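Inspection log for the structure reproduced underneath, given as structure tokens.
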Amino acid sequence: MSQQLHKRLFEEIDSWTLVDPHTHIDPHQPASRTLADILGYHYYTELAHSAGCPKHRIEGPEAPQDPRERVRVLVPWLKHLDNTVQYSWLVEMARELFDFPYDQVNEKNWEELYDAALAKMQQPDWEQQVLRQSKLEAVFLTNPFDDPLEGFDTTRYVPCLRTDDLVFRLHRPEVKQRLTQITGIEPSTLPKLRESLGRLFEHFVRRGARACAISLPPEFMPQKVIPGEVENFWQRLIGGEEIRPGNFASAMFAHAVKTAREEPTMPERMAYYVFWTLAELCQEFNLPFDLMIGVTRGVYQHGVFQGMDLFDSRVSLLQYAELWNAFPQVVFPVSVLASVTNQELVAYSWIFPNVLIHGHWWYSNTPSVIYRDLANRLEAVPRNKLLGYYSDMYKLEFALPKFRMYKRVLARVLARHFVLGRGWSEEQALDLARQVLIDNVKEVFKL
Amino acid sequence: MSQQLHKRLFEEIDSWTLVDPHTHIDPHQPASRTLADILGYHYYTELAHSAGCPKHRIEGPEAPQDPRERVRVLVPWLKHLDNTVQYSWLVEMARELFDFPYDQVNEKNWEELYDAALAKMQQPDWEQQVLRQSKLEAVFLTNPFDDPLEGFDTTRYVPCLRTDDLVFRLHRPEVKQRLTQITGIEPSTLPKLRESLGRLFEHFVRRGARACAISLPPEFMPQKVIPGEVENFWQRLIGGEEIRPGNFASAMFAHAVKTAREEPTMPERMAYYVFWTLAELCQEFNLPFDLMIGVTRGVYQHGVFQGMDLFDSRVSLLQYAELWNAFPQVVFPVSVLASVTNQELVAYSWIFPNVLIHGHWWYSNTPSVIYRDLANRLEAVPRNKLLGYYSDMYKLEFALPKFRMYKRVLARVLARHFVLGRGWSEEQALDLARQVLIDNVKEVFKL
Amino acid sequence: MSQQLHKRLFEEIDSWTLVDPHTHIDPHQPASRTLADILGYHYYTELAHSAGCPKHRIEGPEAPQDPRERVRVLVPWLKHLDNTVQYSWLVEMARELFDFPYDQVNEKNWEELYDAALAKMQQPDWEQQVLRQSKLEAVFLTNPFDDPLEGFDTTRYVPCLRTDDLVFRLHRPEVKQRLTQITGIEPSTLPKLRESLGRLFEHFVRRGARACAISLPPEFMPQKVIPGEVENFWQRLIGGEEIRPGNFASAMFAHAVKTAREEPTMPERMAYYVFWTLAELCQEFNLPFDLMIGVTRGVYQHGVFQGMDLFDSRVSLLQYAELWNAFPQVVFPVSVLASVTNQELVAYSWIFPNVLIHGHWWYSNTPSVIYRDLANRLEAVPRNKLLGYYSDMYKLEFALPKFRMYKRVLARVLARHFVLGRGWSEEQALDLARQVLIDNVKEVFKL
């Protein structure tokens with residue numbers, strides 16, 4: 001009975017057309033060209049490396065360049081990963097998109113998959129096929145601040161201003177130069193800097209951007225910084241004074257819990273100043289500000305590309321109280337990296353009108369974690385404040401298996417906790433699913 | 001089978017008469033007078049506000065005074081909350097207590113509910129009806145320290161000395177004045193202060209108090225403070241020296257993780273001194289000391305009444321080790337606000353004879369969180385140390401739906417983990433339920 | 001259906017012969033001599049004490065010496081513990097190993113059990129019987145660094161070098177003396193100290209040791225310390241200068257969260273120096289280094305023997321990033337004490353090739369916690385990096401019920417999440433079980 005119920009709910013949910021509110025898609029090359037684009041996703045390279053594959057076989061001068069050979073390197077390691085949900089994405093994608101007939105991708109059958117995928121990917125309308133089969137009507141991007149945002153349909157590939165570089169790496173000459181170049185403003189003073197940031201927002205909003213976004217380390221404690229606190233420091237930075245990146249980085253967000261009585265360092269103050277300015281601009285330009293809270297970058301120094309980041313789960317959303325109090329007009333869709341933060345996220349969204357819950361991010365994007373986190377969200381947060389899921393994908397082919405993983409969990413929570421647990425009708429349960437998966441996304445991001 | 005089993009267990013548990021060991025009931029007005037008293041509960045006002053209802057519609061000079069009009073403001077927002085368990089309390093209460101025939105409270109039917117509730121509430125024995133229908137034989141109160149505790153039956157409404165004001169706000173002139181007034185002792189020195197606190201305990205115990213209670217912020221690290229450490233500070237405070245509340249508050253419990261090497265500030269030392277004295281008095285007067293650990297007050301500054309408090313989940317019960325070692329004779333029923341602290345609570349109660357586990361508090365009082373926390377408690381803590389549940393209610397009507405929520409979860413844990421999982425008989429499972437819900441409460445609080 | 005499936009999986013898993021990769025077995029007295037050895041396990045004494053049994057009845061000069069009388073003291077308290085999983089171990093062991101016919105051990109039947117156990121334990125091949133019935137082919141030990149490792153079969157009882165004394169208590173004269181005695185080297189300088197530690201590794205490896213192990217407090221943040229930083233301090237220590245243990249201990253790992261900017265104290269630096277040296281020796285001698293992270297010793301000062309330790313769950317594996325980056329050749333099987341750290345453990349093992357996941361430790365070794373932690377591990381970490389379970393037992397009789405508890409949970413996770421949830425065959429699920437329970441243990445520890 002409950003299995004049947006789950007199946008009915010899942011199949012209905014799976015028939016809907018969606019918007020994916022956070023991805024890393026390149027709008028100029030949204031779909032994969034070969035299976036190497038699929039297996040090159042960091043989930044596979046980092047897991048293969050973790051299971052024993054040497055890094056130099058995966059990337060660097062000794063690694064093969066040819067896509068088929070790059071896949072050949074990884075396939076033997078898949079047998080160590082076949083328990084992982086990431087591997088299940090690969091198999092489900094292979095079966096659904098490439099008519100792959102097997103339940104395993106292994107050393108015997110991978111070339112069959114490679115060739116089948118290649119044949120599909122070389123069809124000129126492959127991108128449209130994937131979008132249709134995945135039932136995606138729009139896909140949010142993650143654009144660097146100096147992206148010209150040209151040459152693609154911004155209603156299908158919706159721009160989103162990613163601001164990590166501005167907040168954390170503005171002291172690097174190349175970042176300052178990129179900012180100067182795209183805005184035409186030399187940020188030689190704080191007012192000039194603010195003006196140039198405003199210029200970015202104008203550019204993005206004009207080109208259809210629907211959100212500003214940033215990922216943040218666990219130690220981030222944003223606060224209002226008045227210009228006088230950082231003006232001199234900025235002058236020294238911009239004036240080319242040698243503030244060595246090494247020192248700068250080590251003084252900044254030193255990967256550990258902070259106490260309230262520790263004063264922020266100057267580089268931290270500068271980061272908070274820029275961050276606060278971005279929040280002001282989100283208010284001025286009426287853009288939601290996606291906060292992705294809790295990632296620590298570069299923890300595993302010898303990791304593969306994009307396979308070096310981890311986290312310190314000792315973060316509290318209390319660190320954002322000053323921000324959320326200061327900007328009641330700005331909508332903050334919040335993702336948290338560690339599941340332990342989920343209950344705080346539920347509570348802060350239940351209390352703060354401007355704090356919304358956004359998806360299941362990265363290390364928390366596995367079924368047992370989603371189940372736990374989602375059950376808590378659905379039972380305690382107003383339904384109009386839940387943005388169900390985003391794929392975080394780099395290539396379009398991943399939307400289908402990732403969203404399906406989520407939909408299966410969602411159908412299970414609805415079946416157990418709402419239909420069986422509270423006596424809801426299936427129609428009521430599906431209405432709730434539709435709202436968190438589709439309606440809220442369209443409403444919050446004004447699509 | 002398992003659904004039948006769950007139903008049988010729940011129905012038996014639901015037939016028992018209970019004591020509610022922690023509420024905020026006003027014994028002079030325990031039941032609601034109109035539906036506005038129900039919907040005015042902060043769970044509904046804060047969730048409606050979170051879902052979009054402006055604060056000025058809910059409270060303040062622009063908000064309606066008339067009860068029916070206050071309900072009219074909130075009803076349109078309920079559709080955004082109908083997924084929440086808090087909303088389900090409202091519907092269950094409406095159906096059970098007011099014979100409301102619908103599954104939803106909405107803009108079409110709310111006046112029907114309002115009128116039905118009003119008719120019941122105006123009956124002279126409504127209070128007795130609710131107690132009977134909710135199967136409550138006694139209800140613990142939360143009394144301010146200067147409550148005269150007169151004019152009500154203290155065996156039905158059991159006094160409990162709430163001490164937050166004494167520990168955290170004794171520096172405020174009005175609090176000192178209230179203390180002087182009720183005890184007849186000017187707390188002009190530390191010995192006088194201690195004497196006046198003792199007088200409070202005498203008064204409460206004489207009037208049938210069964211517990212002392214306090215809620216504590218995450219940063220609280222109680223320690224023994226000798227009088228010499230704070231004597232001078234207290235003299236300055238009591239002598240009327242201008243220690244501005246603003247400075248005082250900001251120096252005290254500054255909303256963040258502390259390190260062991262940080263010395264407490266003087267206001268913190270003073271708070272610890274008073275807290276330690278209360279523990280000594282609990283020992284002297286043989287009163288359990290309810291600790292409710294982990295709330296951060298006033299986080300959302302623009303929130304509605306009682307809808308401003310949140311938490312930093314980075315708290316450890318290790319902060320209480322010195323206390324629990326120092327007072328082996330005092331029983332500490334402990335509640336934790338964040339579910340992440342539940343495993344520590346299980347472990348500390350499993351080790352410390354004087355640490356008991358008390359209910360499921362506030363943000364952890366939702367079904368999926370209770371399920372997880374309760375399963376861990378029941379499998380690892382001696383059964384004579386578990387105080388199952390309290391409602392935390394402000395009006396009597398809430399006991400029925402809140403306790404039922406808990407009983408459903410309890411029946412589920414017992415069915416799955418004990419009857420099916422360990423082969424227990426249903427009778428054994430019900431014995432365990434009876435002990436945690438009833439017997440332990442009566443024994444610990446000496447009823 | 002699912003109950004049948006669960007039963008089939010469990011029964012197959014329960015038929016396998018195992019290696020237990022972490023215990024505290026004494027190879028010279030591995031099995032119990034009376035039921036007092038069973039009930040003397042700290043799980044029973046500490047829970048009985050927590051439930052109300054005075055400490056002086058359990059240990060110390062007033063406690064009975066006679067084994068039967070020691071059991072007689074504890075039995076009346078078991079009724080308060082019969083909900084706990086620890087109690088269920090006792091009953092399962094009694095029924096399986098001693099043919100005990102009842103479901104409860106109580107004041108009426110305990111002497112029957114005592115006598116039945118005694119009759120079995122006095123049989124000369126009792127040790128072999130238990131090993132056979134528990135299907136154990138090898139058992140890892142926890143050996144003090146100066147253990148001669150003689151007089152037992154080191155292929156059945158596999159030595160493991162336990163290093164807590166070296167890292168945390170080397171300043172104590174008796175520890176230095178033990179080190180001098182076993183190695184024949186006076187550690188009068190840091191090079192001499194390192195030489196003597198190397199001698200220990202030689203001795204252990206020659207006698208068949210398969211791992212080095214240590215338990216660590218939550219505040220431990222290992223870092224490379226150069227000899228120059230601690231040379232003088234070591235000289236003072238070794239030269240007999242009065243660095244009082246009290247001061248030393250209180251300066252060292254002061255039971256609280258640290259910030260990155262806090263400098264380690266000298267005793268901490270010294271501990272890190274020794275720890276780092278042990279990691280270098282693990283690399284040199286090709287030994288896995290078991291890290292058991294998160295225990296705080298001696299929290300409950302009046303607790304019974306081994307019933308005083310607890311934890312501060314605010315620990316992050318980020319504290320080990322420097323270590324794991326520095327020793328890519330060393331395999332680190334990691335246990336965490338608090339379930340809240342499990343998601344970090346999953347993530348760090350998913351990223352770091354040298355970080356493996358090891359068992360379910362102590363306060364996290366209860367069914368609902370294992371279920372949650374295991375589901376997350378199996379869905380996200382390469383299968384060749386999961387070391388399923390160890391018993392942590394002091395007497396052989398505990399392997400059977402503890403492993404069975406784990407196997408039941410494992411069978412449940414496999415049934416729900418893999419067979420039903422992902423469409424795996426039962427054979428596939430059993431292959432995964434076999435790998436995490438058996439194959440990986442043999443491979444990682446080179447058996």
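Chain identifiers are assigned as A, B, and so on, following the order in which chains appear in the structure tokens; residues are numbered from 1 within each chain, and ligands are numbered from 1 in order of appearance.
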
Please identify every residue of chain C that has at least one atom no farther than 8 Å from an atom of chain B, counting only C-alpha atoms, and for each give the shortest atom pair and the distance in Å to one decimal, arranged by chain then increasing number, as a tab-separated table.
residue	atom	partner	partner_atom	distance
C:Glu46	CA	B:Ile351	CA	6.2
C:Leu47	CA	B:Trp350	CA	6.1
C:His49	CA	B:Pro353	CA	6.6
C:Ser50	CA	B:Pro353	CA	3.9
C:Ala51	CA	B:Pro382	CA	5.8
C:Gly52	CA	B:Pro353	CA	6.4
C:His80	CA	B:Pro382	CA	5.4
C:Leu81	CA	B:Pro382	CA	4.7
C:Asp82	CA	B:Arg383	CA	7.7
C:Asn83	CA	B:Glu379	CA	6.0
C:Thr84	CA	B:Glu379	CA	4.4
C:Val85	CA	B:Glu379	CA	5.4
C:Gln86	CA	B:Ala380	CA	7.4
C:Ala254	CA	B:Ala260	CA	6.5
C:His255	CA	B:Ala260	CA	7.0
C:Ala256	CA	B:Ala260	CA	5.2
C:Val257	CA	B:Thr259	CA	5.4
C:Lys258	CA	B:Thr259	CA	5.8
C:Thr259	CA	B:Thr259	CA	7.5
C:Val299	CA	B:Ala321	CA	6.4
C:Tyr300	CA	B:Asn325	CA	6.4
C:Gln301	CA	B:Asn325	CA	6.6
C:His302	CA	B:Asn325	CA	7.4
C:Gly303	CA	B:Ile351	CA	7.5
C:Gly307	CA	B:Ile351	CA	6.6
C:Met308	CA	B:Ile351	CA	7.1
C:Leu310	CA	B:Ala347	CA	7.0
C:Phe311	CA	B:Leu318	CA	6.9
C:Asp312	CA	B:Ser316	CA	5.5
C:Ser313	CA	B:Ser316	CA	6.6
C:Arg314	CA	B:Arg314	CA	6.6
C:Ala338	CA	B:Gln343	CA	7.4
C:Ser339	CA	B:Gln343	CA	7.5
C:Val340	CA	B:Val340	CA	6.8
C:Tyr363	CA	B:Ala347	CA	6.5
C:Thr366	CA	B:Glu379	CA	7.0
C:Pro367	CA	B:Glu379	CA	7.7
C:Ser368	CA	B:Asn376	CA	6.0
C:Val369	CA	B:Asn376	CA	7.0

Output of the above residues as a CSV table (one decimal), in the first residue's frame, restricted to N, CA and C atoms:
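The new file result.csv reads:
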chain,number,residue,atom,x,y,z
C,46,GLU,N,27.8,1.7,35.2
C,46,GLU,CA,27.5,3.1,35.1
C,46,GLU,C,26.0,3.4,34.9
C,47,LEU,N,25.3,2.5,34.2
C,47,LEU,CA,23.9,2.7,34.0
C,47,LEU,C,23.2,2.4,35.4
C,49,HIS,N,24.5,2.8,38.3
C,49,HIS,CA,24.7,4.0,39.1
C,49,HIS,C,23.9,5.2,38.7
C,50,SER,N,23.8,5.4,37.4
C,50,SER,CA,22.9,6.5,36.9
C,50,SER,C,21.5,6.3,37.3
C,51,ALA,N,21.0,5.0,37.4
C,51,ALA,CA,19.7,4.8,37.7
C,51,ALA,C,19.4,4.8,39.2
C,52,GLY,N,20.5,5.0,40.0
C,52,GLY,CA,20.3,5.2,41.4
C,52,GLY,C,21.2,4.3,42.4
C,80,HIS,N,15.5,-1.0,35.9
C,80,HIS,CA,15.5,0.4,35.4
C,80,HIS,C,16.2,0.5,34.0
C,81,LEU,N,16.9,-0.5,33.6
C,81,LEU,CA,17.7,-0.4,32.4
C,81,LEU,C,17.1,-1.3,31.3
C,82,ASP,N,16.0,-2.0,31.5
C,82,ASP,CA,15.6,-3.0,30.6
C,82,ASP,C,15.1,-2.5,29.2
C,83,ASN,N,15.0,-1.1,29.1
C,83,ASN,CA,14.7,-0.5,27.9
C,83,ASN,C,15.9,-0.3,27.0
C,84,THR,N,17.1,-0.4,27.7
C,84,THR,CA,18.3,0.0,26.9
C,84,THR,C,18.9,-1.1,26.1
C,85,VAL,N,19.6,-0.7,25.0
C,85,VAL,CA,20.1,-1.7,24.2
C,85,VAL,C,21.3,-2.5,24.9
C,86,GLN,N,21.9,-1.8,25.8
C,86,GLN,CA,23.0,-2.5,26.6
C,86,GLN,C,22.4,-3.7,27.4
C,254,ALA,N,41.9,22.0,27.6
C,254,ALA,CA,41.1,22.5,28.7
C,254,ALA,C,39.6,22.4,28.5
C,255,HIS,N,39.2,21.3,27.8
C,255,HIS,CA,37.8,21.0,27.6
C,255,HIS,C,37.0,22.1,27.0
C,256,ALA,N,37.4,22.6,26.0
C,256,ALA,CA,36.6,23.7,25.4
C,256,ALA,C,37.0,23.9,23.9
C,257,VAL,N,36.1,24.5,23.2
C,257,VAL,CA,36.3,24.9,21.8
C,257,VAL,C,37.5,25.8,21.8
C,258,LYS,N,38.4,25.6,20.8
C,258,LYS,CA,39.5,26.6,20.6
C,258,LYS,C,39.3,27.4,19.3
C,259,THR,N,39.9,28.5,19.3
C,259,THR,CA,39.9,29.3,18.0
C,259,THR,C,41.2,29.1,17.4
C,299,VAL,N,34.8,13.6,33.0
C,299,VAL,CA,33.8,14.7,33.2
C,299,VAL,C,33.0,14.5,34.5
C,300,TYR,N,32.5,13.3,34.7
C,300,TYR,CA,31.8,13.0,35.9
C,300,TYR,C,32.7,12.4,36.9
C,301,GLN,N,33.1,13.3,37.8
C,301,GLN,CA,34.2,13.0,38.8
C,301,GLN,C,33.9,11.9,39.7
C,302,HIS,N,32.6,11.7,40.1
C,302,HIS,CA,32.2,10.7,41.0
C,302,HIS,C,31.7,9.5,40.4
C,303,GLY,N,32.0,9.3,39.1
C,303,GLY,CA,31.5,8.1,38.4
C,303,GLY,C,32.2,6.9,38.8
C,307,GLY,N,33.3,4.9,33.9
C,307,GLY,CA,32.0,5.6,33.7
C,307,GLY,C,32.1,7.1,34.0
C,308,MET,N,33.2,7.7,33.6
C,308,MET,CA,33.4,9.1,33.9
C,308,MET,C,33.5,10.0,32.7
C,310,LEU,N,32.8,11.6,28.9
C,310,LEU,CA,31.7,12.1,28.1
C,310,LEU,C,32.3,12.9,26.9
C,311,PHE,N,31.6,13.8,26.4
C,311,PHE,CA,32.2,14.5,25.2
C,311,PHE,C,31.6,15.9,25.1
C,312,ASP,N,32.3,16.7,24.3
C,312,ASP,CA,31.8,18.0,23.8
C,312,ASP,C,31.6,17.7,22.3
C,313,SER,N,30.4,17.8,21.8
C,313,SER,CA,30.2,17.4,20.4
C,313,SER,C,30.7,18.5,19.4
C,314,ARG,N,31.2,19.6,19.9
C,314,ARG,CA,31.6,20.6,19.0
C,314,ARG,C,33.1,20.4,18.6
C,338,ALA,N,30.7,11.4,18.6
C,338,ALA,CA,29.4,12.0,18.5
C,338,ALA,C,28.8,11.8,17.1
C,339,SER,N,27.5,11.5,17.0
C,339,SER,CA,26.9,11.3,15.7
C,339,SER,C,26.9,12.5,14.9
C,340,VAL,N,26.9,13.7,15.5
C,340,VAL,CA,26.9,14.9,14.8
C,340,VAL,C,28.1,15.1,13.9
C,363,TYR,N,29.1,6.1,22.6
C,363,TYR,CA,27.8,6.7,22.7
C,363,TYR,C,27.1,6.7,21.4
C,366,THR,N,24.5,2.7,19.4
C,366,THR,CA,23.1,2.3,19.7
C,366,THR,C,22.3,2.3,18.4
C,367,PRO,N,21.3,1.5,18.4
C,367,PRO,CA,20.7,1.2,17.0
C,367,PRO,C,20.2,2.4,16.2
C,368,SER,N,19.5,3.3,16.9
C,368,SER,CA,19.0,4.4,16.0
C,368,SER,C,20.1,5.3,15.5
C,369,VAL,N,21.1,5.4,16.3
C,369,VAL,CA,22.2,6.2,15.8
C,369,VAL,C,23.0,5.5,14.7

Close residues, B:Leu345 itself excluded, 8 Å, only C-alpha atoms, min 5 positions apart in chain, as an NGL selection string: :B and (317 or 334 or 336 or 357)

Neighbour list for stretch 144-152 of chain A as a count of residues only, cut-off 10 Å, only C-alpha atoms, skip fewer than 2 positions in-chain: 35

Å distance separating atom CA of C:Phe140 from atom CA of C:Asp20, one decimal place: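 Value for the atom CA of C:Phe140-atom CA of C:Asp20 distance: 6.1 Å.
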
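Secondary structure by DSSP on the backbone puts the following residues of stretch 306-360 of chain A in alpha helix (DSSP H): A:Ala321, A:Glu322, A:Leu323, A:Trp324, A:Asn325, A:Ala326, A:Asn342, A:Gln343, A:Glu344, A:Leu345, A:Val346, A:Ala347, A:Tyr348, A:Ser349, A:Trp350, A:Ile351.
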
Output C-alpha atoms for every residue in that selection, as a PDB file, in the first residue's frame.
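Result file result_22.pdb:
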ATOM      1  CA  ALA A 321      21.197  37.745  12.490  1.00  0.00           C
ATOM      2  CA  GLU A 322      22.595  41.255  12.019  1.00  0.00           C
ATOM      3  CA  LEU A 323      22.300  40.923   8.240  1.00  0.00           C
ATOM      4  CA  TRP A 324      18.770  39.577   8.217  1.00  0.00           C
ATOM      5  CA  ASN A 325      17.611  42.212  10.673  1.00  0.00           C
ATOM      6  CA  ALA A 326      19.193  44.948   8.579  1.00  0.00           C
ATOM      7  CA  ASN A 342      19.260  22.239   8.966  1.00  0.00           C
ATOM      8  CA  GLN A 343      17.327  22.605  12.199  1.00  0.00           C
ATOM      9  CA  GLU A 344      18.651  26.140  12.641  1.00  0.00           C
ATOM     10  CA  LEU A 345      17.682  26.862   9.038  1.00  0.00           C
ATOM     11  CA  VAL A 346      14.170  25.582   9.734  1.00  0.00           C
ATOM     12  CA  ALA A 347      13.930  27.750  12.855  1.00  0.00           C
ATOM     13  CA  TYR A 348      15.376  30.899  11.286  1.00  0.00           C
ATOM     14  CA  SER A 349      13.055  30.577   8.282  1.00  0.00           C
ATOM     15  CA  TRP A 350      10.106  29.961  10.586  1.00  0.00           C
ATOM     16  CA  ILE A 351      10.900  33.259  12.354  1.00  0.00           C
TER      17      ILE A 351
END

Residues near stretch 99-107 of chain B, cut-off 12 Å, only C-alpha atoms, skip fewer than 3 positions along chain, as an MDAnalysis selection string: (chainID A and resid 422:425 428) or (chainID B and resid 35 39 71:83 87:96 110:117 119:120)

Atom CA of C:Met266 to atom CA of C:Leu291, distance in Å rounded to a single decimal: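 So the two atoms, atom CA of C:Met266 and atom CA of C:Leu291, lie 22.6 Å apart.
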
Within 9 Å of A:Val19 using only C-alpha atoms, minus same-chain residues under 2 positions, as a list in words: Thr17, Pro21, Lys135, Leu136, Glu137, Ala138, Val139, Phe140, Tyr390, Leu437, Ile438, Val441 and Lys442 of chain A

Kindly save the residues from that selection, with C-alpha atoms included, as a PDB file, in the first residue's frame.
ATOM      1  CA  THR A  17       8.022  20.698 -15.995  1.00  0.00           C
ATOM      2  CA  PRO A  21      17.126  27.515  -9.667  1.00  0.00           C
ATOM      3  CA  LYS A 135      11.349  18.543 -18.378  1.00  0.00           C
ATOM      4  CA  LEU A 136      13.353  21.705 -17.746  1.00  0.00           C
ATOM      5  CA  GLU A 137      11.920  24.978 -18.909  1.00  0.00           C
ATOM      6  CA  ALA A 138      14.607  27.213 -17.431  1.00  0.00           C
ATOM      7  CA  VAL A 139      17.983  26.817 -15.802  1.00  0.00           C
ATOM      8  CA  PHE A 140      19.715  29.320 -13.525  1.00  0.00           C
ATOM      9  CA  TYR A 390      18.276  22.659  -7.457  1.00  0.00           C
ATOM     10  CA  LEU A 437       9.211  22.447  -6.533  1.00  0.00           C
ATOM     11  CA  ILE A 438       7.699  24.923  -8.971  1.00  0.00           C
ATOM     12  CA  VAL A 441      10.691  29.138  -7.408  1.00  0.00           C
ATOM     13  CA  LYS A 442       8.758  31.138  -9.984  1.00  0.00           C
TER      14      LYS A 442
END

Distance criterion (only C-alpha atoms): nearest to A:Glu59 out of A:Ile214, A:Gln4, A:His42, A:Gln133: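 Among the listed residues, the smallest separation from A:Glu59 belongs to A:His42.
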
Shell of 10 Å around stretch 270-277 of chain B, only C-alpha atoms, local chain residues under 5 positions omitted, as a ChimeraX atom specification: /B:163-164,166-171,190,193-194,197-198,214,220-227,229-231,233-234,252,264-265,282-283,323,326-327

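The residues of stretch 8-227 of chain B that DSSP assigns to strand (DSSP E) on this backbone come out as B:Leu18, B:Val19, B:Asp20, B:Leu136, B:Glu137, B:Ala138, B:Val139, B:Phe140, B:Tyr157, B:Val158, B:Cys160, B:Leu161, B:Arg162, B:Ala211, B:Cys212, B:Ala213, B:Ile214, B:Ser215, B:Leu216.
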
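Distance-wise, atom CA of C:Glu127 and atom CA of C:Asp439 end up 24.8 Å apart.
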